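A.B. asks: Got a structure for you, protein.pdb, holding PDB, C-alpha atoms.
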ATOM      1  CA  MET A   2       4.254   3.343  -5.842
ATOM      2  CA  THR A   3       5.205   6.125  -8.144
ATOM      3  CA  TRP A   4       5.319   6.321 -11.960
ATOM      4  CA  THR A   5       4.280   2.699 -12.411
ATOM      5  CA  GLY A   6       0.502   2.752 -12.423
ATOM      6  CA  CYS A   7       0.379   2.168  -8.686
ATOM      7  CA  GLU A   8      -1.676   5.313  -8.456
ATOM      8  CA  GLU A   9      -4.467   3.228  -9.984
ATOM      9  CA  PHE A  10      -4.176   0.708  -7.166
ATOM     10  CA  GLY A  11      -4.215   3.472  -4.555
ATOM     11  CA  LEU A  12      -7.334   5.011  -6.082
ATOM     12  CA  TRP A  13      -9.060   1.640  -6.331
ATOM     13  CA  PHE A  14      -8.163   0.679  -2.773
ATOM     14  CA  SER A  15      -9.281   4.059  -1.456
ATOM     15  CA  ALA A  16     -12.616   3.674  -3.215
ATOM     16  CA  HIS A  17     -13.219   0.040  -2.283
ATOM     17  CA  SER A  18     -11.461  -0.486   1.053
ATOM     18  CA  ALA A  19     -14.651   0.059   3.073
ATOM     19  CA  SER A  20     -16.882  -2.045   0.822
ATOM     20  CA  GLU A  21     -18.156  -5.210   2.430
ATOM     21  CA  PRO A  22     -16.555  -7.656  -0.062
ATOM     22  CA  VAL A  23     -13.082  -6.108   0.219
ATOM     23  CA  ARG A  24     -13.351  -5.616   3.978
ATOM     24  CA  SER A  25     -14.469  -9.222   4.503
ATOM     25  CA  LEU A  26     -11.701 -10.509   2.260
ATOM     26  CA  ILE A  27      -8.997  -8.606   4.165
ATOM     27  CA  GLU A  28     -10.387  -9.499   7.599
ATOM     28  CA  ALA A  29     -10.579 -13.202   6.672
ATOM     29  CA  LYS A  30      -7.003 -13.198   5.377
ATOM     30  CA  LEU A  31      -5.746 -11.393   8.500
ATOM     31  CA  ALA A  32      -7.568 -13.885  10.727
ATOM     32  CA  ALA A  33      -5.908 -16.722   8.787
ATOM     33  CA  GLY A  34      -2.498 -15.190   9.485
ATOM     34  CA  ALA A  35      -1.826 -13.562   6.119
ATOM     35  CA  GLY A  36       0.859 -10.926   6.038
ATOM     36  CA  PRO A  37       0.563  -7.489   4.464
ATOM     37  CA  ARG A  38       2.279  -8.532   1.220
ATOM     38  CA  GLU A  39      -0.139 -11.409   0.654
ATOM     39  CA  ILE A  40      -3.071  -9.071   1.289
ATOM     40  CA  ALA A  41      -1.716  -6.394  -1.068
ATOM     41  CA  LEU A  42      -1.158  -8.901  -3.868
ATOM     42  CA  LEU A  43      -4.602 -10.405  -3.340
ATOM     43  CA  LEU A  44      -6.195  -6.967  -3.573
ATOM     44  CA  ALA A  45      -4.172  -6.067  -6.666
ATOM     45  CA  GLY A  46      -5.673  -9.135  -8.314
ATOM     46  CA  GLN A  47      -9.140  -7.649  -7.734
ATOM     47  CA  VAL A  48      -8.459  -4.563  -9.860
ATOM     48  CA  GLU A  49      -9.514  -5.174 -13.442
ATOM     49  CA  GLY A  50      -6.958  -3.962 -15.979
ATOM     50  CA  LEU A  51      -4.322  -3.073 -13.395
ATOM     51  CA  HIS A  52      -0.898  -2.731 -14.983
ATOM     52  CA  PRO A  53       1.271  -5.835 -14.294
ATOM     53  CA  ARG A  54       4.043  -3.542 -13.053
ATOM     54  CA  VAL A  55       1.909  -2.804  -9.970
ATOM     55  CA  THR A  56       2.118  -6.423  -8.858
ATOM     56  CA  GLU A  57       5.886  -6.374  -9.382
ATOM     57  CA  GLU A  58       6.144  -3.244  -7.244
ATOM     58  CA  LEU A  59       3.923  -4.640  -4.491
ATOM     59  CA  GLU A  60       6.176  -7.704  -4.391
ATOM     60  CA  SER A  61       9.235  -5.504  -3.905
ATOM     61  CA  LEU A  62       7.953  -2.981  -1.337
ATOM     62  CA  PRO A  63       9.594  -3.044   2.086
ATOM     63  CA  GLN A  64       7.763  -5.162   4.644
ATOM     64  CA  ALA A  65       7.523  -2.247   7.085
ATOM     65  CA  GLY A  66       5.908  -0.035   4.436
ATOM     66  CA  LEU A  67       3.212  -2.562   3.626
ATOM     67  CA  GLN A  68       2.634  -3.181   7.323
ATOM     68  CA  ALA A  69       2.145   0.562   7.870
ATOM     69  CA  ILE A  70      -0.481   0.672   5.101
ATOM     70  CA  VAL A  71      -2.396  -2.320   6.484
ATOM     71  CA  ASP A  72      -2.205  -0.961  10.054
ATOM     72  CA  ALA A  73      -3.555   2.421   8.929
ATOM     73  CA  TRP A  74      -6.395   0.719   7.063
ATOM     74  CA  LEU A  75      -7.287  -1.274  10.191
ATOM     75  CA  LEU A  76      -7.225   1.925  12.236
ATOM     76  CA  ALA A  77      -9.646   3.585   9.800
ATOM     77  CA  LEU A  78     -11.877   0.519   9.822
ATOM     78  CA  ARG A  79     -12.048   0.395  13.627
ATOM     79  CA  ALA A  80     -12.734   4.137  13.845
ATOM     80  CA  ASP A  81     -15.367   3.878  11.086
ATOM     81  CA  LYS A  82     -13.484   6.477   9.015
ATOM     82  CA  PRO A  83     -12.754   6.578   5.286
ATOM     83  CA  PHE A  84      -9.284   5.429   4.228
ATOM     84  CA  GLU A  85      -7.233   6.929   1.417
ATOM     85  CA  LEU A  86      -4.036   5.497  -0.066
ATOM     86  CA  ARG A  87      -2.051   7.962  -2.185
ATOM     87  CA  SER A  88       1.114   7.633  -4.232
ATOM     88  CA  VAL A  89       3.097  10.785  -4.901
ATOM     89  CA  ARG A  90       6.197  11.581  -6.884
ATOM     90  CA  PRO A  91       9.248  12.202  -4.682
ATOM     91  CA  ASP A  92      10.365  15.811  -4.330
ATOM     92  CA  ARG A  93      13.992  14.770  -4.925
ATOM     93  CA  PRO A  94      13.908  11.543  -6.950
ATOM     94  CA  LEU A  95      17.665  11.209  -7.516
ATOM     95  CA  GLU A  96      18.428  11.620  -3.831
ATOM     96  CA  MET A  97      15.673   9.186  -2.935
ATOM     97  CA  ALA A  98      16.990   6.616  -5.424
ATOM     98  CA  ARG A  99      20.569   6.957  -4.174
ATOM     99  CA  SER A 100      19.538   6.548  -0.558
ATOM    100  CA  ARG A 101      17.093   3.733  -1.405
ATOM    101  CA  SER A 102      14.444   5.544   0.587
ATOM    102  CA  PHE A 103      10.814   4.514   0.960
ATOM    103  CA  GLN A 104       8.581   7.093   2.619
ATOM    104  CA  VAL A 105       5.219   6.451   4.236
ATOM    105  CA  THR A 106       3.274   9.311   5.771
ATOM    106  CA  LEU A 107       0.271   8.712   8.013
ATOM    107  CA  ASP A 108      -2.401  11.406   8.060
ATOM    108  CA  LEU A 109      -4.871  11.174  10.938
ATOM    109  CA  ALA A 110      -7.641  13.714  10.567
ATOM    110  CA  GLU A 111     -10.970  14.023  12.320
ATOM    111  CA  GLU A 112     -12.818  12.871   9.227
ATOM    112  CA  ALA A 113     -10.458  10.267   7.688
ATOM    113  CA  VAL A 114      -7.235   8.258   7.758
ATOM    114  CA  GLY A 115      -4.762   8.618   4.896
ATOM    115  CA  VAL A 116      -1.450   7.105   3.890
ATOM    116  CA  THR A 117       0.868   8.693   1.347
ATOM    117  CA  VAL A 118       3.652   6.630  -0.195
ATOM    118  CA  SER A 119       6.625   8.040  -2.078
ATOM    119  CA  HIS A 120       9.507   6.004  -3.517
ATOM    120  CA  ILE A 121      11.483   5.095  -6.604
ATOM    121  CA  PRO A 122      10.463   1.717  -8.074
ATOM    122  CA  SER A 123      13.001  -1.043  -7.405
ATOM    123  CA  ARG A 124      15.120   1.309  -5.243
ATOM    124  CA  HIS A 125      14.099   0.212  -1.750
ATOM    125  CA  PRO A 126      16.142  -0.424   1.395
ATOM    126  CA  THR A 127      17.846  -3.796   1.124
ATOM    127  CA  TRP A 128      17.732  -4.438   4.879
ATOM    128  CA  ASP A 129      13.904  -4.677   4.802
ATOM    129  CA  ALA A 130      13.715  -6.925   1.762
ATOM    130  CA  PRO A 131      10.308  -8.447   1.119
ATOM    131  CA  GLU A 132       9.322 -11.859   2.263
ATOM    132  CA  ARG A 133       8.043 -13.811  -0.708
ATOM    133  CA  VAL A 134       4.466 -14.953  -0.334
TER     134      VAL A 134
END
Translate the structure described by the file into structure tokens.
C.D. replies:
Amino acid sequence: MTWTGCEEFGLWFSAHSASEPVRSLIEAKLAAGAGPREIALLLAGQVEGLHPRVTEELESLPQAGLQAIVDAWLLALRADKPFELRSVRPDRPLEMARSRSFQVTLDLAEEAVGVTVSHIPSRHPTWDAPERV
């Protein structure tokens, strides 16, 4: 979620993830058996003017990475804590691209739950290829 406008999605999701409409939408989709990719793409469709590249990136993210984001959001929801999704530029982008690394960091603090994602677009592990929704 780096260098592609995904920061916009992270900011939007952080700001709206606790709102009743978004919360209800996610909970209903989870109850119906939706996976994390379907939820992410649905939410991306809610962001007016979001760069189309964001949807492409969400479609290509590793399944485990998306699952970690959804699980952290659920944790924040159950604990009645704010949730923040951040995208940061990798410290060593060439090394990250070569190794096809996707990093997710969970930050559990007394006052909030945060997830930080760092990766190179289209350079993700091939063994955790996305399931198409």
A.B. asks: Of the candidates A:His17, A:Arg38, A:His120, A:Arg101, which one gets nearest to Pro83 of chain A if we count all atoms listed in the file?
C.D. replies: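 For Pro83 of chain A, the nearest of the given residues is A:His17.
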A.B. asks: Give as a ChimeraX atom specification each residue that has an atom at most 9 Å from (-3.5, -2.8, -4.4) in the file, counting only C-alpha atoms.
C.D. replies: /A:7,9-14,40-48,55-56,59
A.B. asks: So the first atom is atom CA of Leu62 of chain A and the second is atom CA of Leu31 of chain A; what is the distance between them in Å, to one decimal place?
C.D. replies: 18.8 Å
A.B. asks: Please enumerate the residues selected by the PyMOL selection byres ((chain A and resi 78) around 12) when evaluated against the supplied file, formatted as a ChimeraX atom specification.
C.D. replies: /A:18-21,23-25,27-28,71-77,79-85,113-115
A.B. asks: Quick one: axis-aligned box around all listed atoms of segment 67-72 of chain A, 3 Å on every side, centre and edge lengths in Å to one decimal, written as AutoDock Vina command-line options.
C.D. replies:
--center_x 0.4 --center_y -1.3 --center_z 6.8 --size_x 11.6 --size_y 9.9 --size_z 12.4
A.B. asks: Check what the PyMOL selection byres ((chain A and resi 116) around 6) selects in the file above and give those residues as a ChimeraX atom specification.
C.D. replies: /A:86,106-107,115,117
A.B. asks: So how far away is atom CA of Arg87 of chain A from atom CA of Ile121 of chain A, in Å?
C.D. replies: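 Taking atom CA of Ile121 of chain A and atom CA of Arg87 of chain A, their separation equals 14.5 Å.
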A.B. asks: May I have the residues at most 10 Å from (8.4, -0.8, 8.6) in the file's coordinates, counting all atoms listed in the file, as a PyMOL selection string?
C.D. replies: chain A and resi 63-70+103-105+129
A.B. asks: Quick one: residues within 8 Å of Ser123 of chain A, all atoms listed in the file counted, chain neighbours fewer than 2 positions away excluded, as a count of residues only?
C.D. replies: 4
A.B. asks: Pick out the closest residue to Val118 of chain A from this set: A:Ala32, A:Ala130, A:Val89, A:Ala98. Count all atoms listed in the file.
C.D. replies: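 Among A:Ala32, A:Ala130, A:Val89, A:Ala98, it is A:Val89 that comes nearest to Val118 of chain A.
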A.B. asks: Report the distance between atom CA of Asp92 of chain A and atom CA of Pro122 of chain A in Å, rounded to one decimal place.
C.D. replies: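 A separation of 14.6 Å between them.
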